[in-house]
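Shown below: target26.csv, with CSV, N, CA, C and O atoms.
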chain,number,residue,atom,x,y,z
D,1,MET,N,97.5,112.1,89.7
D,1,MET,CA,96.7,110.9,90.0
D,1,MET,C,96.8,109.9,88.8
D,1,MET,O,97.4,110.2,87.8
D,2,ALA,N,96.2,108.8,89.0
D,2,ALA,CA,96.3,107.7,88.0
D,2,ALA,C,95.5,108.0,86.8
D,2,ALA,O,94.5,108.7,86.8
D,3,GLY,N,95.9,107.3,85.7
D,3,GLY,CA,95.2,107.4,84.5
D,3,GLY,C,94.0,106.4,84.5
D,3,GLY,O,94.0,105.5,85.4
D,4,VAL,N,93.1,106.5,83.6
D,4,VAL,CA,91.9,105.6,83.7
D,4,VAL,C,92.3,104.1,83.6
D,4,VAL,O,91.8,103.3,84.3
D,5,SER,N,93.4,103.8,82.9
D,5,SER,CA,93.8,102.4,82.8
D,5,SER,C,94.3,101.8,84.1
D,5,SER,O,94.2,100.6,84.2
D,6,GLU,N,94.8,102.6,85.0
D,6,GLU,CA,95.2,102.1,86.3
D,6,GLU,C,94.3,102.5,87.4
D,6,GLU,O,94.6,102.2,88.6
D,7,LEU,N,93.2,103.2,87.2
D,7,LEU,CA,92.4,103.7,88.2
D,7,LEU,C,91.7,102.6,89.1
D,7,LEU,O,91.7,102.7,90.3
D,8,GLU,N,91.3,101.5,88.5
D,8,GLU,CA,90.6,100.5,89.2
D,8,GLU,C,91.6,99.9,90.3
D,8,GLU,O,91.2,99.7,91.4
D,9,SER,N,92.8,99.5,89.8
D,9,SER,CA,93.7,98.9,90.8
D,9,SER,C,94.2,100.0,91.8
D,9,SER,O,94.3,99.6,93.0
D,10,ALA,N,94.3,101.2,91.4
D,10,ALA,CA,94.7,102.3,92.4
D,10,ALA,C,93.6,102.5,93.5
D,10,ALA,O,94.0,102.6,94.6
D,11,LEU,N,92.4,102.5,93.1
D,11,LEU,CA,91.3,102.7,94.1
D,11,LEU,C,91.1,101.4,95.0
D,11,LEU,O,90.4,101.5,96.0
D,12,GLN,N,91.7,100.3,94.6
D,12,GLN,CA,91.5,99.1,95.4
D,12,GLN,C,92.8,98.8,96.3
D,12,GLN,O,92.8,97.9,97.0
D,13,MET,N,93.8,99.7,96.2
D,13,MET,CA,95.0,99.6,97.0
D,13,MET,C,94.7,99.9,98.4
D,13,MET,O,93.8,100.6,98.8
D,14,GLU,N,95.6,99.3,99.3
D,14,GLU,CA,95.6,99.7,100.7
D,14,GLU,C,96.1,101.2,100.7
D,14,GLU,O,96.9,101.6,99.9
D,15,PRO,N,95.5,101.9,101.7
D,15,PRO,CA,95.9,103.3,101.8
D,15,PRO,C,97.4,103.6,101.8
D,15,PRO,O,97.8,104.6,101.2
D,16,ALA,N,98.1,102.8,102.6
D,16,ALA,CA,99.6,103.1,102.7
D,16,ALA,C,100.3,102.9,101.3
D,16,ALA,O,101.2,103.7,100.9
D,17,ALA,N,99.9,101.9,100.6
D,17,ALA,CA,100.5,101.7,99.2
D,17,ALA,C,100.1,102.8,98.3
D,17,ALA,O,100.9,103.2,97.5
D,18,PHE,N,98.9,103.2,98.3
D,18,PHE,CA,98.4,104.3,97.5
D,18,PHE,C,99.2,105.6,97.8
D,18,PHE,O,99.7,106.3,96.9
D,19,GLN,N,99.4,105.9,99.1
D,19,GLN,CA,100.2,107.1,99.5
D,19,GLN,C,101.6,107.0,99.0
D,19,GLN,O,102.2,107.9,98.5
D,20,ALA,N,102.2,105.8,99.1
D,20,ALA,CA,103.6,105.6,98.7
D,20,ALA,C,103.7,105.8,97.2
D,20,ALA,O,104.7,106.4,96.7
D,21,LEU,N,102.8,105.3,96.4
D,21,LEU,CA,102.9,105.4,95.0
D,21,LEU,C,102.5,106.7,94.4
D,21,LEU,O,103.2,107.3,93.5
D,22,TYR,N,101.5,107.4,94.9
D,22,TYR,CA,101.0,108.6,94.4
D,22,TYR,C,101.3,109.9,95.2
D,22,TYR,O,100.9,111.0,94.8
D,23,SER,N,101.9,109.7,96.4
D,23,SER,CA,102.2,110.8,97.2
D,23,SER,C,101.0,111.6,97.6
D,23,SER,O,101.0,112.9,97.6
D,24,ALA,N,99.9,110.9,97.8
D,24,ALA,CA,98.6,111.6,98.1
D,24,ALA,C,97.8,110.6,98.9
D,24,ALA,O,98.0,109.4,98.8
D,25,GLU,N,96.9,111.1,99.8
D,25,GLU,CA,96.0,110.3,100.6
D,25,GLU,C,95.0,109.6,99.6
D,25,GLU,O,94.5,110.3,98.7
D,26,LYS,N,94.8,108.4,99.9
D,26,LYS,CA,93.8,107.6,99.1
D,26,LYS,C,92.4,108.2,99.4
D,26,LYS,O,92.1,108.4,100.6
D,27,PRO,N,91.6,108.4,98.4
D,27,PRO,CA,90.2,108.9,98.7
D,27,PRO,C,89.4,107.9,99.5
D,27,PRO,O,89.7,106.7,99.3
D,28,LYS,N,88.6,108.4,100.3
D,28,LYS,CA,87.7,107.5,101.1
D,28,LYS,C,86.4,107.3,100.4
D,28,LYS,O,86.0,108.1,99.6
D,29,LEU,N,85.8,106.1,100.6
D,29,LEU,CA,84.5,105.8,99.9
D,29,LEU,C,83.5,106.9,100.1
D,29,LEU,O,82.7,107.2,99.2
D,30,GLU,N,83.5,107.5,101.3
D,30,GLU,CA,82.5,108.5,101.6
D,30,GLU,C,82.8,109.9,101.2
D,30,GLU,O,82.1,110.9,101.4
D,31,ASP,N,84.0,110.1,100.6
D,31,ASP,CA,84.4,111.5,100.2
D,31,ASP,C,83.4,112.0,99.2
D,31,ASP,O,83.0,111.4,98.2
D,32,GLU,N,82.9,113.3,99.5
D,32,GLU,CA,81.9,113.9,98.7
D,32,GLU,C,82.4,114.6,97.4
D,32,GLU,O,81.6,114.9,96.5
D,33,HIS,N,83.7,115.0,97.4
D,33,HIS,CA,84.2,115.8,96.3
D,33,HIS,C,85.3,115.1,95.6
D,33,HIS,O,86.5,115.5,95.6
D,34,LEU,N,85.0,114.0,95.0
D,34,LEU,CA,86.0,113.2,94.2
D,34,LEU,C,85.6,113.5,92.7
D,34,LEU,O,84.7,112.9,92.2
D,35,VAL,N,86.4,114.4,92.1
D,35,VAL,CA,86.0,114.9,90.8
D,35,VAL,C,87.0,114.3,89.8
D,35,VAL,O,88.2,114.5,89.9
D,36,PHE,N,86.5,113.8,88.7
D,36,PHE,CA,87.3,113.3,87.6
D,36,PHE,C,87.1,114.2,86.3
D,36,PHE,O,86.0,114.6,86.1
D,37,PHE,N,88.1,114.4,85.6
D,37,PHE,CA,88.1,115.1,84.4
D,37,PHE,C,89.2,114.7,83.5
D,37,PHE,O,90.1,113.9,83.9
D,38,CYS,N,89.1,115.1,82.2
D,38,CYS,CA,90.2,114.8,81.3
D,38,CYS,C,90.2,115.9,80.2
D,38,CYS,O,89.5,116.9,80.4
D,39,GLN,N,90.9,115.7,79.2
D,39,GLN,CA,91.0,116.8,78.2
D,39,GLN,C,89.7,117.1,77.5
D,39,GLN,O,89.3,118.2,77.3
D,40,MET,N,89.0,116.0,77.1
D,40,MET,CA,87.8,116.2,76.3
D,40,MET,C,86.5,115.8,77.0
D,40,MET,O,85.4,116.2,76.6
D,41,GLY,N,86.6,114.9,78.0
D,41,GLY,CA,85.4,114.5,78.8
D,41,GLY,C,85.1,113.0,78.8
D,41,GLY,O,84.5,112.5,79.8
D,42,LYS,N,85.5,112.3,77.8
D,42,LYS,CA,85.2,110.9,77.7
D,42,LYS,C,85.8,110.0,78.8
D,42,LYS,O,85.2,109.3,79.5
D,43,ARG,N,87.1,110.2,79.0
D,43,ARG,CA,87.9,109.4,80.0
D,43,ARG,C,87.5,109.8,81.4
D,43,ARG,O,87.4,109.0,82.3
D,44,GLY,N,87.2,111.1,81.6
D,44,GLY,CA,86.7,111.6,82.9
D,44,GLY,C,85.4,110.9,83.3
D,44,GLY,O,85.2,110.5,84.4
D,45,LEU,N,84.5,110.8,82.3
D,45,LEU,CA,83.2,110.1,82.6
D,45,LEU,C,83.4,108.6,82.9
D,45,LEU,O,82.8,108.0,83.8
D,46,GLN,N,84.3,108.0,82.1
D,46,GLN,CA,84.7,106.6,82.4
D,46,GLN,C,85.2,106.4,83.8
D,46,GLN,O,84.9,105.4,84.5
D,47,ALA,N,86.1,107.3,84.2
D,47,ALA,CA,86.7,107.2,85.5
D,47,ALA,C,85.7,107.4,86.6
D,47,ALA,O,85.7,106.7,87.6
D,48,THR,N,84.7,108.3,86.4
D,48,THR,CA,83.7,108.6,87.4
D,48,THR,C,82.8,107.3,87.5
D,48,THR,O,82.5,106.9,88.7
D,49,GLN,N,82.4,106.7,86.4
D,49,GLN,CA,81.6,105.5,86.5
D,49,GLN,C,82.3,104.4,87.2
D,49,GLN,O,81.8,103.6,88.0
D,50,LEU,N,83.6,104.2,86.9
D,50,LEU,CA,84.4,103.2,87.5
D,50,LEU,C,84.5,103.4,89.0
D,50,LEU,O,84.3,102.4,89.8
D,51,ALA,N,84.7,104.6,89.5
D,51,ALA,CA,84.8,104.9,90.9
D,51,ALA,C,83.5,104.6,91.6
D,51,ALA,O,83.4,104.0,92.7
D,52,ARG,N,82.4,105.0,90.9
D,52,ARG,CA,81.1,104.7,91.5
D,52,ARG,C,80.8,103.2,91.6
D,52,ARG,O,80.3,102.8,92.6
D,53,ASP,N,81.2,102.5,90.6
D,53,ASP,CA,81.1,101.0,90.6
D,53,ASP,C,81.9,100.4,91.8
D,53,ASP,O,81.5,99.4,92.3
D,54,LEU,N,83.0,101.1,92.2
D,54,LEU,CA,83.8,100.6,93.3
D,54,LEU,C,83.3,101.1,94.7
D,54,LEU,O,83.9,100.8,95.7
D,55,GLY,N,82.2,101.8,94.7
D,55,GLY,CA,81.6,102.3,95.9
D,55,GLY,C,81.9,103.7,96.3
D,55,GLY,O,81.5,104.2,97.4
D,56,TYR,N,82.5,104.5,95.4
D,56,TYR,CA,82.8,105.9,95.7
D,56,TYR,C,81.6,106.7,95.3
D,56,TYR,O,81.5,107.2,94.2
D,57,THR,N,80.6,106.8,96.2
D,57,THR,CA,79.3,107.3,95.8
D,57,THR,C,79.4,108.8,95.6
D,57,THR,O,78.5,109.4,94.9
D,58,GLY,N,80.4,109.5,96.1
D,58,GLY,CA,80.5,110.9,95.8
D,58,GLY,C,81.3,111.3,94.6
D,58,GLY,O,81.6,112.5,94.3
D,59,ALA,N,81.7,110.3,93.8
D,59,ALA,CA,82.5,110.6,92.6
D,59,ALA,C,81.6,111.4,91.6
D,59,ALA,O,80.4,111.1,91.4
D,60,ARG,N,82.2,112.4,91.1
D,60,ARG,CA,81.6,113.3,90.1
D,60,ARG,C,82.4,113.5,88.9
D,60,ARG,O,83.6,113.4,88.9
D,61,HIS,N,81.8,113.9,87.8
D,61,HIS,CA,82.4,114.1,86.5
D,61,HIS,C,82.3,115.6,86.2
D,61,HIS,O,81.2,116.2,86.3
D,62,TYR,N,83.5,116.2,85.9
D,62,TYR,CA,83.5,117.6,85.5
D,62,TYR,C,83.3,117.6,84.0
D,62,TYR,O,84.2,117.4,83.2
D,63,ALA,N,82.0,117.7,83.6
D,63,ALA,CA,81.6,117.6,82.2
D,63,ALA,C,82.3,118.5,81.2
D,63,ALA,O,82.5,118.2,80.0
D,64,GLY,N,82.7,119.7,81.7
D,64,GLY,CA,83.3,120.7,80.8
D,64,GLY,C,84.7,120.4,80.4
D,64,GLY,O,85.3,121.0,79.6
D,65,ALA,N,85.3,119.4,81.1
D,65,ALA,CA,86.6,118.9,80.9
D,65,ALA,C,87.7,120.0,81.2
D,65,ALA,O,87.4,121.1,81.6
D,66,TYR,N,88.9,119.6,80.9
D,66,TYR,CA,90.0,120.5,81.2
D,66,TYR,C,89.9,121.8,80.4
D,66,TYR,O,90.2,122.9,81.0
D,67,ARG,N,89.5,121.8,79.2
D,67,ARG,CA,89.5,123.0,78.4
D,67,ARG,C,88.5,124.0,79.0
D,67,ARG,O,88.9,125.2,79.1
D,68,GLU,N,87.4,123.7,79.5
D,68,GLU,CA,86.5,124.6,80.1
D,68,GLU,C,87.0,125.2,81.3
D,68,GLU,O,87.0,126.4,81.6
D,69,TRP,N,87.6,124.3,82.2
D,69,TRP,CA,88.2,124.8,83.4
D,69,TRP,C,89.3,125.8,83.1
D,69,TRP,O,89.4,126.9,83.7
D,70,LEU,N,90.1,125.5,82.1
D,70,LEU,CA,91.2,126.4,81.7
D,70,LEU,C,90.7,127.8,81.3
D,70,LEU,O,91.2,128.8,81.6
D,71,GLU,N,89.6,127.8,80.4
D,71,GLU,CA,89.0,129.0,80.0
D,71,GLU,C,88.5,129.8,81.1
D,71,GLU,O,88.6,131.1,81.1
D,72,LYS,N,87.9,129.2,82.1
D,72,LYS,CA,87.3,129.9,83.2
D,72,LYS,C,88.3,130.5,84.2
D,72,LYS,O,88.1,131.4,84.9
D,73,GLU,N,89.5,129.9,84.2
D,73,GLU,CA,90.6,130.4,85.0
D,73,GLU,C,91.3,131.6,84.4
D,73,GLU,O,91.9,132.3,85.1
D,74,ALA,N,91.1,131.8,83.1
D,74,ALA,CA,91.8,132.9,82.5
D,74,ALA,C,91.2,134.3,82.8
D,74,ALA,O,90.1,134.4,83.2
Could you express the structure from this file as structure tokens?
Amino acid sequence: MAGVSELESALQMEPAAFQALYSAEKPKLEDEHLVFFCQMGKRGLQATQLARDLGYTGARHYAGAYREWLEKEA
């Protein structure tokens, strides 16, 4: 998926353009499980807030970040 720096423009793309660029279906505004994370947590939180500001009410932040997820997978 897109980095935080391109997230705003990515989430405002037409669905077909998003699909062509990211090879994934564009999230819908009503999607309940749109989770953002990063290595340490700061960028994931920024991305979550940006998505919410754009109307993605189901956007969530995985506060444990990638490191916690990785530890739990082991």
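Closest approach to Glu68 (chain D) among D:Ala17, D:Leu29, D:Cys38, D:Leu11 is made by D:Cys38 (distances from all atoms listed in the file).
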Check: Restricting the calculation to only C-alpha atoms, which member of D:Gln39, D:Ser5, D:Leu34, D:Tyr22 is positioned closest to Leu70 (chain D)?
Finding: D:Gln39
Next item on the list: Identify the residues within 12 Å of coordinate (85.3, 107.6, 98.3) (same frame as the file), considering only C-alpha atoms, and give the answer as a list in words.
Entry: Leu11, Gln12, Pro15, Glu25, Lys26, Pro27, Lys28, Leu29, Glu30, Asp31, Glu32, His33, Leu34, Val35, Thr48, Leu50, Ala51, Arg52, Asp53, Leu54, Gly55, Tyr56, Thr57, Gly58, Ala59 and Arg60 of chain D
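A straight line drawn from CA of His61 (chain D) to atom N of Gln19 (chain D) is 22.7 Å long.
The space between CA of Phe37 (chain D) and CA of Met13 (chain D) spans 21.1 Å.
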Check: Restricting the calculation to all atoms listed in the file, which member of D:Tyr66, D:Ala16, D:Leu21, D:Ser9 is positioned closest to Met40 (chain D)?
Finding: D:Tyr66
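Reported to one decimal place, the separation of atom N of Leu7 (chain D) from atom N of Ala65 (chain D) is 19.0 Å.
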Next item on the list: Enumerate, as a VMD selection string, the complete set of residues in chain D that a backbone-based DSSP assignment places in strand (DSSP E or B).
Entry: chain D and resid 34 to 36 59 to 61
Next item on the list: Select from chain D everything DSSP, run on the backbone, classes as alpha helix (DSSP H), then give the selection as a PyMOL selection string.
Entry: chain D and resi 4-11+15-22+42-53+65-73
